>>> print(open('protein_36.pdb').read())   # PDB, C-alpha atoms
ATOM      1  CA  MET A   1     -86.823-105.370 -26.778
ATOM      2  CA  HIS A   2     -89.972-103.212 -26.745
ATOM      3  CA  GLY A   3     -93.351-104.650 -25.756
ATOM      4  CA  LYS A   4     -96.454-103.464 -27.528
ATOM      5  CA  VAL A   5     -98.940-101.457 -25.503
ATOM      6  CA  GLN A   6    -102.244-100.167 -26.870
ATOM      7  CA  PHE A   7    -103.839 -96.927 -25.717
ATOM      8  CA  CYS A   8    -107.226 -95.266 -26.053
ATOM      9  CA  LEU A   9    -108.136 -91.686 -25.248
ATOM     10  CA  ASP A  10    -110.566 -91.004 -22.415
ATOM     11  CA  ALA A  11    -113.208 -88.246 -22.424
ATOM     12  CA  ASN A  12    -110.559 -85.677 -21.421
ATOM     13  CA  GLY A  13    -108.197 -86.632 -24.241
ATOM     14  CA  LEU A  14    -105.826 -88.443 -21.883
ATOM     15  CA  PRO A  15    -104.313 -91.743 -23.009
ATOM     16  CA  VAL A  16    -105.310 -94.826 -21.025
ATOM     17  CA  ALA A  17    -104.320 -98.458 -21.553
ATOM     18  CA  CYS A  18    -106.961-100.492 -23.376
ATOM     19  CA  THR A  19    -107.383-103.891 -24.968
ATOM     20  CA  SER A  20    -105.041-104.631 -27.825
ATOM     21  CA  VAL A  21    -106.042-104.424 -31.471
ATOM     22  CA  GLU A  22    -104.429-105.841 -34.577
ATOM     23  CA  GLU A  23    -101.258-103.947 -35.385
ATOM     24  CA  ASP A  24    -102.421-102.839 -38.831
ATOM     25  CA  SER A  25    -106.077-102.087 -38.019
ATOM     26  CA  GLY A  26    -105.495 -98.400 -37.249
ATOM     27  CA  LEU A  27    -104.347 -97.386 -40.705
ATOM     28  CA  THR A  28    -106.232 -96.928 -43.918
ATOM     29  CA  PRO A  29    -105.044 -98.977 -46.901
ATOM     30  CA  GLY A  30    -102.333 -97.205 -48.845
ATOM     31  CA  ALA A  31    -101.669 -94.674 -46.083
ATOM     32  CA  PRO A  32     -98.128 -93.340 -45.729
ATOM     33  CA  ASN A  33     -96.013 -95.389 -43.320
ATOM     34  CA  LYS A  34     -98.566 -98.207 -43.383
ATOM     35  CA  GLU A  35     -96.520-100.301 -40.976
ATOM     36  CA  SER A  36     -97.365 -98.934 -37.523
ATOM     37  CA  THR A  37     -93.921 -99.929 -36.281
ATOM     38  CA  SER A  38     -92.378 -97.400 -38.684
ATOM     39  CA  LEU A  39     -94.421 -94.465 -37.393
ATOM     40  CA  ASP A  40     -92.042 -91.966 -35.783
ATOM     41  CA  ALA A  41     -93.891 -89.998 -33.089
ATOM     42  CA  CYS A  42     -91.390 -87.139 -33.151
ATOM     43  CA  GLU A  43     -91.608 -86.643 -36.902
ATOM     44  CA  ILE A  44     -95.411 -86.981 -36.939
ATOM     45  CA  PHE A  45     -95.974 -84.336 -34.272
ATOM     46  CA  ARG A  46     -93.176 -82.095 -35.593
ATOM     47  CA  THR A  47     -94.834 -82.058 -39.019
ATOM     48  CA  CYS A  48     -98.334 -81.446 -37.664
ATOM     49  CA  LEU A  49     -97.233 -78.683 -35.263
ATOM     50  CA  MET A  50     -95.088 -76.926 -37.877
ATOM     51  CA  GLY A  51     -95.861 -73.216 -37.808
ATOM     52  CA  HIS A  52     -97.787 -73.464 -34.508
ATOM     53  CA  SER A  53     -96.513 -72.590 -31.037
ATOM     54  CA  GLU A  54     -99.213 -74.907 -29.642
ATOM     55  CA  MET A  55    -102.322 -76.699 -30.847
ATOM     56  CA  ARG A  56    -105.582 -77.645 -29.191
ATOM     57  CA  ALA A  57    -105.767 -81.400 -28.437
ATOM     58  CA  GLY A  58    -108.694 -82.108 -30.768
ATOM     59  CA  ALA A  59    -107.180 -80.164 -33.657
ATOM     60  CA  LEU A  60    -103.827 -81.928 -33.262
ATOM     61  CA  LYS A  61    -105.509 -85.338 -33.164
ATOM     62  CA  ALA A  62    -107.520 -84.541 -36.307
ATOM     63  CA  GLN A  63    -104.407 -83.277 -38.101
ATOM     64  CA  VAL A  64    -102.321 -86.367 -37.206
ATOM     65  CA  MET A  65    -105.078 -88.839 -38.047
ATOM     66  CA  MET A  66    -105.925 -87.191 -41.370
ATOM     67  CA  ARG A  67    -102.344 -86.610 -42.533
ATOM     68  CA  TYR A  68    -101.100 -90.112 -41.636
ATOM     69  CA  GLY A  69    -104.252 -92.081 -42.478
ATOM     70  CA  ILE A  70    -104.755 -93.221 -38.892
ATOM     71  CA  ARG A  71    -108.341 -94.208 -38.142
ATOM     72  CA  ASN A  72    -107.862 -95.839 -34.767
ATOM     73  CA  ASP A  73    -107.890 -93.929 -31.459
ATOM     74  CA  SER A  74    -105.644 -96.454 -29.732
ATOM     75  CA  LEU A  75    -102.900 -96.068 -32.354
ATOM     76  CA  TYR A  76    -103.084 -92.276 -32.015
ATOM     77  CA  GLY A  77    -103.047 -92.594 -28.209
ATOM     78  CA  GLY A  78     -99.908 -94.728 -28.365
ATOM     79  CA  LEU A  79     -98.164 -92.150 -30.550
ATOM     80  CA  LEU A  80     -99.244 -89.364 -28.190
ATOM     81  CA  VAL A  81     -97.982 -91.202 -25.092
ATOM     82  CA  SER A  82     -94.705 -91.956 -26.834
ATOM     83  CA  ALA A  83     -94.233 -88.302 -27.832
ATOM     84  CA  LEU A  84     -95.024 -87.084 -24.307
ATOM     85  CA  HIS A  85     -92.816 -89.697 -22.643
ATOM     86  CA  GLN A  86     -89.857 -88.959 -24.915
ATOM     87  CA  GLY A  87     -90.122 -85.174 -24.440
ATOM     88  CA  TYR A  88     -91.300 -84.346 -27.969
ATOM     89  CA  LEU A  89     -94.582 -82.867 -26.707
ATOM     90  CA  ILE A  90     -95.727 -80.990 -23.612
ATOM     91  CA  ARG A  91     -99.337 -81.153 -22.435
ATOM     92  CA  ARG A  92    -100.878 -77.897 -21.185
ATOM     93  CA  ALA A  93    -104.300 -78.179 -19.560
ATOM     94  CA  VAL A  94    -106.223 -74.925 -19.343
ATOM     95  CA  SER A  95    -109.237 -76.700 -17.823
ATOM     96  CA  ASP A  96    -110.760 -80.192 -17.714
ATOM     97  CA  ARG A  97    -112.142 -79.641 -21.209
ATOM     98  CA  GLU A  98    -109.409 -77.518 -22.780
ATOM     99  CA  VAL A  99    -106.022 -79.133 -23.417
ATOM    100  CA  TYR A 100    -103.212 -77.920 -25.651
ATOM    101  CA  TYR A 101    -100.011 -79.579 -26.851
ATOM    102  CA  LEU A 102     -96.822 -77.721 -27.647
ATOM    103  CA  PRO A 103     -93.402 -78.822 -28.876
ATOM    104  CA  GLY A 104     -91.282 -80.294 -26.092
ATOM    105  CA  PRO A 105     -87.578 -79.718 -25.492
ATOM    106  CA  LYS A 106     -86.532 -82.706 -27.618
ATOM    107  CA  MET A 107     -88.752 -81.875 -30.604
ATOM    108  CA  ASN A 108     -86.058 -79.996 -32.520
ATOM    109  CA  GLU A 109     -83.032 -82.038 -31.503
ATOM    110  CA  PRO A 110     -81.312 -83.601 -34.508
ATOM    111  CA  THR A 111     -82.017 -87.290 -34.880
ATOM    112  CA  LEU A 112     -79.456 -89.838 -35.986
ATOM    113  CA  ASN A 113     -80.463 -92.744 -38.151
ATOM    114  CA  PHE A 114     -78.018 -95.646 -38.245
ATOM    115  CA  ASP A 115     -80.225 -97.846 -40.439
ATOM    116  CA  GLY A 116     -78.398 -98.474 -43.746
TER     117      GLY A 116
END
>>> encode(input="protein_36.pdb", output="structure tokens")
Amino acid sequence: MHGKVQFCLDANGLPVACTSVEEDSGLTPGAPNKESTSLDACEIFRTCLMGHSEMRAGALKAQVMMRYGIRNDSLYGGLLVSALHQGYLIRRAVSDREVYYLPGPKMNEPTLNFDG
């Protein structure tokens, strides 16, 4: 139902489509949620933004990549695009070089899980 799209971040921290990589290549061995298909963008960004009203783009990226064992920019970019598209994050650009992310309107909506 969903096609796979890979993203990289450009010099301004904006996600752009790039060539595909192996699905598992963005995660360190033994990292939590090793299967990239199980990574939940809402939960990842909710956890990393906890206690913050907003976070600078570079700090958020470092937090997400360190906490979830992600070592691939394209995997992070895909998660970021997904979170923005689904309304979990809002991008606030102060200038070309200063970008912040804050929780979006859907970040704190309850989620339903129908998987057994």
>>> closest_residue(input="protein_36.pdb", among="A:Leu39, A:Gly87, A:Val81, A:Tyr100", to="A:Leu60", atoms="all atoms listed in the file")
A:Tyr100
>>> resolve_selection(input="protein_36.pdb", expression="the PyMOL selection byres ((chain A and resi 46-57) around 8)", output="VMD selection string")
chain A and resid 13 42 to 45 58 to 61 63 to 64 98 to 103 107
>>> axis_aligned_box(input="protein_36.pdb", around="stretch 59-63 of chain A", padding_each_side="6 Å", output="lines of an AutoDock Vina configuration file")
center_x = -105.7
center_y = -82.8
center_z = -35.6
size_x = 15.7
size_y = 17.2
size_z = 16.9
>>> atom_distance(input="protein_36.pdb", atom1="atom CA of A:Arg92", atom2="atom CA of A:Leu80")
13.5 Å
>>> closest_residue(input="protein_36.pdb", among="A:Met66, A:Leu79, A:Leu84, A:Leu89", to="A:Asn108", atoms="all atoms listed in the file")
A:Leu89
>>> atom_distance(input="protein_36.pdb", atom1="atom CA of A:Tyr76", atom2="atom CA of A:Val94")
21.7 Å
>>> closest_residue(input="protein_36.pdb", among="A:Asp96, A:Gly104, A:Met65, A:Ile90", to="A:Gly77", atoms="all atoms listed in the file")
A:Met65
>>> atom_distance(input="protein_36.pdb", atom1="atom CA of A:Asp40", atom2="atom CA of A:Arg97")
27.7 Å
>>> decode(input="protein_36.pdb", residues="stretch 65-86 of chain A", atoms="N, CA, C and O atoms", output="JSON list (two decimals), in the first residue's frame")
[["chain", "number", "residue", "atom", "x", "y", "z"],
["A", 65, "MET", "N", 18.84, 10.64, 16.27],
["A", 65, "MET", "CA", 19.80, 9.67, 15.74],
["A", 65, "MET", "C", 20.52, 8.93, 16.87],
["A", 65, "MET", "O", 20.73, 7.72, 16.78],
["A", 66, "MET", "N", 20.86, 9.63, 17.94],
["A", 66, "MET", "CA", 21.55, 8.99, 19.05],
["A", 66, "MET", "C", 20.61, 8.05, 19.81],
["A", 66, "MET", "O", 20.94, 6.90, 20.06],
["A", 67, "ARG", "N", 19.43, 8.53, 20.14],
["A", 67, "ARG", "CA", 18.50, 7.74, 20.95],
["A", 67, "ARG", "C", 18.02, 6.49, 20.24],
["A", 67, "ARG", "O", 17.81, 5.45, 20.86],
["A", 68, "TYR", "N", 17.81, 6.57, 18.91],
["A", 68, "TYR", "CA", 17.26, 5.44, 18.17],
["A", 68, "TYR", "C", 18.30, 4.69, 17.34],
["A", 68, "TYR", "O", 17.95, 3.82, 16.56],
["A", 69, "GLY", "N", 19.57, 5.02, 17.51],
["A", 69, "GLY", "CA", 20.63, 4.29, 16.82],
["A", 69, "GLY", "C", 20.63, 4.49, 15.32],
["A", 69, "GLY", "O", 21.12, 3.65, 14.58],
["A", 70, "ILE", "N", 20.09, 5.59, 14.84],
["A", 70, "ILE", "CA", 20.04, 5.86, 13.41],
["A", 70, "ILE", "C", 21.36, 6.51, 13.01],
["A", 70, "ILE", "O", 21.81, 7.46, 13.63],
["A", 71, "ARG", "N", 21.99, 5.98, 11.97],
["A", 71, "ARG", "CA", 23.26, 6.55, 11.53],
["A", 71, "ARG", "C", 23.21, 6.94, 10.05],
["A", 71, "ARG", "O", 24.23, 7.09, 9.41],
["A", 72, "ASN", "N", 22.02, 7.11, 9.54],
["A", 72, "ASN", "CA", 21.84, 7.38, 8.12],
["A", 72, "ASN", "C", 20.94, 8.60, 7.95],
["A", 72, "ASN", "O", 19.80, 8.60, 8.42],
["A", 73, "ASP", "N", 21.46, 9.64, 7.28],
["A", 73, "ASP", "CA", 20.69, 10.87, 7.08],
["A", 73, "ASP", "C", 19.39, 10.65, 6.32],
["A", 73, "ASP", "O", 18.39, 11.31, 6.60],
["A", 74, "SER", "N", 19.39, 9.73, 5.37],
["A", 74, "SER", "CA", 18.18, 9.54, 4.57],
["A", 74, "SER", "C", 17.06, 8.92, 5.41],
["A", 74, "SER", "O", 15.89, 9.25, 5.23],
["A", 75, "LEU", "N", 17.41, 8.03, 6.33],
["A", 75, "LEU", "CA", 16.39, 7.44, 7.21],
["A", 75, "LEU", "C", 15.82, 8.53, 8.12],
["A", 75, "LEU", "O", 14.61, 8.64, 8.29],
["A", 76, "TYR", "N", 16.70, 9.36, 8.68],
["A", 76, "TYR", "CA", 16.22, 10.47, 9.52],
["A", 76, "TYR", "C", 15.34, 11.42, 8.69],
["A", 76, "TYR", "O", 14.28, 11.84, 9.14],
["A", 77, "GLY", "N", 15.77, 11.74, 7.49],
["A", 77, "GLY", "CA", 15.00, 12.64, 6.62],
["A", 77, "GLY", "C", 13.61, 12.09, 6.33],
["A", 77, "GLY", "O", 12.63, 12.83, 6.32],
["A", 78, "GLY", "N", 13.51, 10.79, 6.11],
["A", 78, "GLY", "CA", 12.21, 10.17, 5.88],
["A", 78, "GLY", "C", 11.30, 10.27, 7.09],
["A", 78, "GLY", "O", 10.11, 10.55, 6.97],
["A", 79, "LEU", "N", 11.87, 10.06, 8.28],
["A", 79, "LEU", "CA", 11.09, 10.20, 9.51],
["A", 79, "LEU", "C", 10.63, 11.64, 9.70],
["A", 79, "LEU", "O", 9.49, 11.90, 10.08],
["A", 80, "LEU", "N", 11.52, 12.59, 9.40],
["A", 80, "LEU", "CA", 11.19, 14.01, 9.54],
["A", 80, "LEU", "C", 10.06, 14.40, 8.59],
["A", 80, "LEU", "O", 9.09, 15.04, 8.98],
["A", 81, "VAL", "N", 10.17, 14.00, 7.33],
["A", 81, "VAL", "CA", 9.13, 14.30, 6.34],
["A", 81, "VAL", "C", 7.80, 13.69, 6.76],
["A", 81, "VAL", "O", 6.75, 14.33, 6.68],
["A", 82, "SER", "N", 7.84, 12.47, 7.24],
["A", 82, "SER", "CA", 6.63, 11.80, 7.68],
["A", 82, "SER", "C", 5.98, 12.56, 8.84],
["A", 82, "SER", "O", 4.77, 12.79, 8.84],
["A", 83, "ALA", "N", 6.79, 12.97, 9.81],
["A", 83, "ALA", "CA", 6.27, 13.70, 10.97],
["A", 83, "ALA", "C", 5.68, 15.06, 10.56],
["A", 83, "ALA", "O", 4.64, 15.47, 11.07],
["A", 84, "LEU", "N", 6.33, 15.74, 9.63],
["A", 84, "LEU", "CA", 5.82, 17.03, 9.16],
["A", 84, "LEU", "C", 4.52, 16.84, 8.38],
["A", 84, "LEU", "O", 3.55, 17.55, 8.59],
["A", 85, "HIS", "N", 4.53, 15.86, 7.48],
["A", 85, "HIS", "CA", 3.37, 15.60, 6.62],
["A", 85, "HIS", "C", 2.14, 15.19, 7.44],
["A", 85, "HIS", "O", 1.02, 15.58, 7.13],
["A", 86, "GLN", "N", 2.35, 14.43, 8.50],
["A", 86, "GLN", "CA", 1.24, 13.93, 9.30],
["A", 86, "GLN", "C", 0.81, 14.91, 10.40],
["A", 86, "GLN", "O", -0.14, 14.64, 11.13]]
